[in-house]
Each structure stands twice: as structure tokens, then as C-alpha cells.
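Raw query_35.csv, CSV, C-alpha atoms:
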```
chain,number,residue,atom,x,y,z
A,1,MET,CA,-40.5,-9.4,-9.8
A,2,ASN,CA,-39.5,-8.7,-13.4
A,3,ASN,CA,-40.8,-5.4,-14.6
A,4,LYS,CA,-39.5,-5.9,-18.2
A,5,LEU,CA,-42.4,-8.1,-19.5
A,6,VAL,CA,-44.0,-5.4,-21.6
A,7,SER,CA,-45.9,-7.8,-24.0
A,8,LYS,CA,-48.1,-9.0,-21.2
A,9,LYS,CA,-51.2,-7.1,-20.1
A,10,LEU,CA,-52.0,-6.0,-16.6
A,11,ILE,CA,-54.6,-8.4,-15.2
A,12,THR,CA,-56.6,-7.6,-12.0
A,13,GLU,CA,-59.2,-9.9,-10.4
A,14,SER,CA,-61.3,-9.7,-7.2
A,15,ASP,CA,-62.7,-12.5,-5.1
A,16,MET,CA,-64.8,-11.4,-2.1
A,17,ARG,CA,-65.9,-14.5,-0.4
A,18,ASP,CA,-66.1,-15.3,3.3
A,19,TYR,CA,-63.3,-13.1,4.7
A,20,GLU,CA,-62.7,-12.8,8.4
A,21,LEU,CA,-61.8,-9.6,10.2
A,22,ILE,CA,-59.4,-10.5,13.0
A,23,LYS,CA,-58.6,-8.1,15.9
A,24,GLU,CA,-55.6,-9.0,17.9
A,25,SER,CA,-53.8,-7.2,20.8
A,26,GLY,CA,-50.2,-6.4,20.3
A,27,ALA,CA,-47.6,-6.8,23.2
A,28,ASP,CA,-47.6,-3.0,23.4
A,29,GLY,CA,-51.4,-2.8,23.9
A,30,SER,CA,-52.0,-1.9,20.2
A,31,THR,CA,-54.8,-3.3,18.2
A,32,ILE,CA,-53.8,-5.3,15.1
A,33,LEU,CA,-56.4,-5.7,12.4
A,34,LYS,CA,-56.1,-8.6,9.9
A,35,LEU,CA,-58.2,-9.9,7.1
A,36,ALA,CA,-58.1,-13.6,6.2
A,37,GLY,CA,-59.9,-15.5,3.5
A,38,PRO,CA,-59.7,-16.5,-0.2
A,39,PHE,CA,-57.2,-14.4,-2.3
A,40,ALA,CA,-57.5,-16.1,-5.7
A,41,VAL,CA,-59.2,-18.9,-7.6
A,42,ALA,CA,-58.0,-20.9,-10.6
A,43,GLU,CA,-59.8,-22.8,-13.3
A,44,THR,CA,-63.0,-21.0,-12.5
A,45,LEU,CA,-64.7,-18.6,-14.9
A,46,ASN,CA,-65.1,-15.2,-13.2
A,47,ASN,CA,-67.4,-12.2,-14.0
A,48,ASN,CA,-64.7,-10.8,-16.2
A,49,ASN,CA,-65.0,-13.9,-18.3
A,50,ARG,CA,-61.5,-15.0,-17.4
A,51,LYS,CA,-59.9,-18.2,-16.0
A,52,TYR,CA,-56.4,-18.8,-14.6
A,53,TYR,CA,-54.5,-22.0,-15.1
A,54,LEU,CA,-54.1,-24.0,-11.9
A,55,ASP,CA,-50.4,-24.9,-12.5
A,56,GLU,CA,-49.5,-21.3,-13.1
A,57,MET,CA,-51.3,-20.1,-10.0
A,58,VAL,CA,-49.6,-22.8,-7.9
A,59,GLU,CA,-46.2,-21.7,-9.2
A,60,GLU,CA,-46.9,-18.0,-8.6
A,61,CYS,CA,-48.1,-18.8,-5.1
A,62,ARG,CA,-44.8,-20.6,-4.5
A,63,LYS,CA,-42.7,-17.7,-5.8
A,64,PHE,CA,-44.7,-15.2,-3.8
A,65,GLN,CA,-43.6,-16.9,-0.6
A,66,GLU,CA,-40.2,-15.3,-0.9
A,67,VAL,CA,-41.8,-11.9,-1.1
A,68,ILE,CA,-43.9,-12.7,2.0
A,69,ASN,CA,-40.9,-14.1,3.9
A,70,ASN,CA,-38.9,-10.9,3.2
A,71,HIS,CA,-41.8,-8.8,4.6
A,72,ARG,CA,-42.2,-7.1,1.2
A,73,ALA,CA,-45.7,-8.4,0.1
A,74,LEU,CA,-47.5,-5.1,0.2
A,75,SER,CA,-51.1,-4.5,-0.8
A,76,GLU,CA,-52.5,-1.3,-2.2
A,77,LEU,CA,-55.9,0.2,-1.7
A,78,GLU,CA,-57.7,-0.4,-5.1
A,79,HIS,CA,-55.9,-1.4,-8.2
A,80,PRO,CA,-53.4,1.1,-9.8
A,81,ASP,CA,-52.9,1.1,-13.6
A,82,ASP,CA,-49.3,-0.2,-13.4
A,83,ILE,CA,-47.2,-3.0,-12.0
A,84,ASN,CA,-45.2,-1.0,-9.5
A,85,ILE,CA,-46.2,-1.0,-5.9
A,86,ASN,CA,-46.6,2.6,-4.7
A,87,PRO,CA,-45.7,3.0,-1.0
A,88,ASP,CA,-48.1,6.0,-0.8
A,89,ARG,CA,-51.0,3.6,-1.6
A,90,VAL,CA,-50.0,0.7,0.6
A,91,CYS,CA,-52.8,-0.4,3.0
A,92,ALA,CA,-51.8,-3.9,4.1
A,93,ARG,CA,-48.9,-6.4,4.3
A,94,ILE,CA,-49.7,-9.9,3.2
A,95,THR,CA,-48.4,-12.4,5.8
A,96,LYS,CA,-49.9,-15.7,4.4
A,97,TYR,CA,-50.8,-17.0,0.9
A,98,TYR,CA,-51.3,-20.7,0.3
A,99,GLN,CA,-53.3,-23.3,-1.6
A,100,ASP,CA,-56.5,-24.3,0.2
A,101,PRO,CA,-55.9,-27.9,1.4
A,102,HIS,CA,-59.7,-28.7,0.9
A,103,ASP,CA,-60.0,-27.1,-2.5
A,104,GLU,CA,-56.9,-27.0,-4.7
A,105,LYS,CA,-58.4,-24.3,-7.0
A,106,THR,CA,-58.7,-21.8,-4.1
A,107,PHE,CA,-55.8,-19.8,-2.7
A,108,LEU,CA,-56.2,-18.5,0.9
A,109,GLY,CA,-54.3,-15.7,2.7
A,110,GLU,CA,-54.0,-13.3,5.5
A,111,ALA,CA,-53.0,-9.6,5.6
A,112,ILE,CA,-52.2,-7.1,8.4
A,113,ILE,CA,-54.1,-3.8,7.8
A,114,MET,CA,-51.6,-1.0,8.2
A,115,GLY,CA,-53.9,1.3,10.1
A,116,GLY,CA,-52.7,3.6,12.9
A,117,ASP,CA,-53.4,3.1,16.6
A,118,VAL,CA,-53.5,6.4,18.4
A,119,LYS,CA,-53.6,4.9,21.9
A,120,ALA,CA,-50.4,2.9,21.2
A,121,GLY,CA,-48.7,5.8,19.3
A,122,ILE,CA,-48.4,3.7,16.1
A,123,PRO,CA,-48.8,5.7,12.9
A,124,GLY,CA,-50.4,3.9,10.0
A,125,THR,CA,-50.1,4.4,6.3
A,126,PRO,CA,-52.6,6.9,5.0
A,127,CYS,CA,-54.4,4.1,3.0
A,128,GLY,CA,-54.1,1.6,5.8
A,129,THR,CA,-55.8,4.0,8.2
A,130,ILE,CA,-58.6,4.5,5.6
A,131,VAL,CA,-59.0,0.7,5.3
A,132,ALA,CA,-59.0,0.2,9.1
A,133,SER,CA,-61.7,2.9,9.4
A,134,LEU,CA,-63.8,1.5,6.6
A,135,LEU,CA,-63.7,-2.0,8.1
A,136,GLN,CA,-64.5,-0.8,11.6
A,137,TYR,CA,-67.5,1.0,10.3
A,138,GLY,CA,-68.8,-2.1,8.5
A,139,THR,CA,-67.6,-1.4,4.9
A,140,LYS,CA,-67.3,-4.6,2.9
A,141,MET,CA,-63.9,-5.1,1.2
A,142,GLY,CA,-61.9,-8.0,-0.1
A,143,PHE,CA,-58.8,-9.1,-1.9
A,144,SER,CA,-58.0,-8.9,-5.6
A,145,THR,CA,-55.0,-10.2,-7.5
A,146,ARG,CA,-52.9,-8.0,-9.7
A,147,GLY,CA,-50.5,-9.5,-12.2
A,148,LEU,CA,-49.2,-9.7,-15.8
A,149,GLY,CA,-50.4,-12.2,-18.3
A,150,ASN,CA,-51.4,-13.0,-21.9
A,151,PRO,CA,-55.2,-13.2,-22.4
A,152,ILE,CA,-56.0,-16.2,-24.6
A,153,GLU,CA,-59.6,-16.6,-25.9
A,154,ASP,CA,-60.9,-20.2,-26.2
A,155,GLU,CA,-63.6,-21.4,-28.7
A,156,ASP,CA,-66.4,-20.6,-26.1
A,157,GLY,CA,-65.4,-17.0,-25.9
A,158,ASN,CA,-63.8,-17.4,-22.4
A,159,THR,CA,-60.4,-15.9,-21.8
A,160,TYR,CA,-57.7,-17.8,-20.1
A,161,VAL,CA,-54.8,-15.8,-18.7
A,162,GLY,CA,-51.5,-17.5,-19.8
A,163,ASP,CA,-48.0,-16.8,-18.7
A,164,TYR,CA,-49.4,-15.3,-15.5
A,165,GLN,CA,-47.0,-13.4,-13.2
A,166,LEU,CA,-48.5,-12.4,-9.8
A,167,ILE,CA,-47.4,-8.9,-8.8
A,168,THR,CA,-49.4,-8.6,-5.6
A,169,ILE,CA,-52.9,-8.9,-4.1
A,170,ASP,CA,-54.7,-5.6,-3.5
A,171,LEU,CA,-57.7,-4.6,-1.2
A,172,VAL,CA,-60.7,-3.3,-3.2
A,173,THR,CA,-64.1,-2.0,-2.5
A,174,ASP,CA,-65.8,-3.0,-5.8
A,175,PRO,CA,-64.9,-6.6,-6.6
A,176,SER,CA,-65.6,-8.2,-10.0
A,177,ILE,CA,-66.6,-11.6,-8.5
A,178,GLY,CA,-67.5,-13.3,-5.2
A,179,ARG,CA,-68.7,-11.9,-1.9
A,180,PHE,CA,-67.4,-9.2,0.4
A,181,CYS,CA,-65.9,-9.7,3.8
A,182,ASP,CA,-68.0,-8.5,6.8
A,183,ALA,CA,-66.3,-6.3,9.4
A,184,LYS,CA,-67.1,-7.5,12.9
```
Transcribe the structure of this file into C-alpha cells.
Amino acid sequence: MNNKLVSKKLITESDMRDYELIKESGADGSTILKLAGPFAVAETLNNNNRKYYLDEMVEECRKFQEVINNHRALSELEHPDDININPDRVCARITKYYQDPHDEKTFLGEAIIMGGDVKAGIPGTPCGTIVASLLQYGTKMGFSTRGLGNPIEDEDGNTYVGDYQLITIDLVTDPSIGRFCDAK
């Protein structure tokens, strides 16, 4: 991702709708936690009074596949105030991000929570362990996009985000739109 786009503003959005907490067993007996559900929505006014252009969201989703394929799509706990991903704040690794085949304006995804597993001797990241604990105790969380863009106000006072560049998708506890996931 290009960090030299200083004219754009940092844009963060949250969408907490219908997430699924998935518990899988690893080959070594470890427990793997994943969250799956909507990651982003285009052409829909959110509670921050912003909309994203569908064609730009589709293009950013396509570009983000390389980051996912290289196992570098990292999610931080809550949004930082800059575009750099801080390894000390990483809580999950995004493994899937794609356009919903039933609703082209919705982008779905899945992320592995990087929590530790004491029984299997697997250390987690500090924030991943916090997220795993929060989810297992029923805390509601969800995904939120972080990227760069140019806010453009239309005649109705709504703001579109143009020239959007997705940085990552973070996990947050206080979303701006949508519903939370339920830990099971």
C-alpha cells in the first residue's frame, strides 16, 4: 500500500451485522477462533453520513487479495490514528474478503483471531488474546474498514468517499453502523 498519499484523509467505518464466531480444532489440538461476516458496504449511507462508491470498493477488494494471499492482511484492535499497521496492536489475520454474490454492495470476509492457546502451547498476540477472551465471554465485536480517501459532500449533505484506498479492516467494540456479532 502507498503511504505517500498525504492529501487524503484517514477514513474508518464499522459494520457490525450478523457475524459468526467459528471455533475449529487445529491438527495439534489447538482451538482456532474465526469471525466471519460483512466487512464493508458500498453505496449505502452510514451513521457517519458517508457512502462509498461501489466501483472503488470492488477495485480495493481485488487489490486486497494480494495482501491476503501473502498472509499480510492484519487487523488491529480498534482503529489507530494513522495508516501504518502496528504489530503490537494486531489481533487477527484476514483470510477472506470478497463481494457478496447475493448483494453486490456488501463485502464479506473471515479473520483468524490471533489469541493464544495455553493447552497447545501457542502464544497469541497481546491484542489477539484480549479479543479471544472478550469473544469467549460474550462481548460483541465486529469489523471496520480503515483507509484513505477524499470526502466529497453532495447537495443533500451526504459525504461520498472518493479515491478510496483500503488499508485494512480492524476489529472494534464500538461500531458506527450495523449490528454486533454474537460470541457463541
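Remark: residues at most 6 Å from position (-57.9, -11.8, -1.1) in file coordinates are Pro38, Phe39, Gly142, Phe143 and Ser144 of chain A, using only C-alpha atoms.
A straight line drawn from CA of Glu76 (chain A) to CA of Asn46 (chain A) is 21.7 Å long.
Closest approach to Tyr52 (chain A) among A:Val131, A:Gly157, A:Ile122, A:Thr106 is made by A:Thr106 (distances from only C-alpha atoms).
Across the structure, CA of Met114 (chain A) and CA of Phe64 (chain A) are spaced 19.8 Å apart.
Here CA of Glu110 (chain A) is placed at a distance of 20.0 Å from CA of Gln165 (chain A).
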Scan for residues within 12 Å of the point (-56.3, -5.0, 2.5) in the coordinates of the file, using all atoms listed in the file, and reply as JSON, numbers by chain. {"A": [14, 16, 19, 20, 21, 33, 34, 35, 36, 37, 39, 73, 74, 75, 76, 77, 78, 79, 89, 90, 91, 92, 93, 94, 95, 109, 110, 111, 112, 113, 114, 115, 125, 127, 128, 129, 130, 131, 132, 133, 134, 135, 140, 141, 142, 143, 144, 145, 168, 169, 170, 171, 172, 173, 181]}
Hey, which of A:Leu148, A:Ala40, A:Ile85, A:Ile32 ends up closest to Asp117 (chain A)? Count all atoms listed in the file. A:Ile32
From the list A:Asn150, A:Thr31, A:Thr139, A:Thr44, which residue is nearest Asp163 (chain A) when using all atoms listed in the file? A:Asn150
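Of the residues listed (A:Asn70, A:Tyr98, A:Asp103, A:Asn49), A:Asn49 shows the shortest atom-to-atom separation from Ile152 (chain A); distances use all atoms listed in the file.
Considering the residues A:Val41, A:Asn84, A:Gly116, A:Tyr97 and counting all atoms listed in the file, Val67 (chain A) has its shortest atom-to-atom contact with A:Tyr97.
The residue that comes closest to Glu56 (chain A), out of A:Gln99, A:Tyr137, A:Ala42, A:Asn69 and on the basis of only C-alpha atoms, is A:Ala42.
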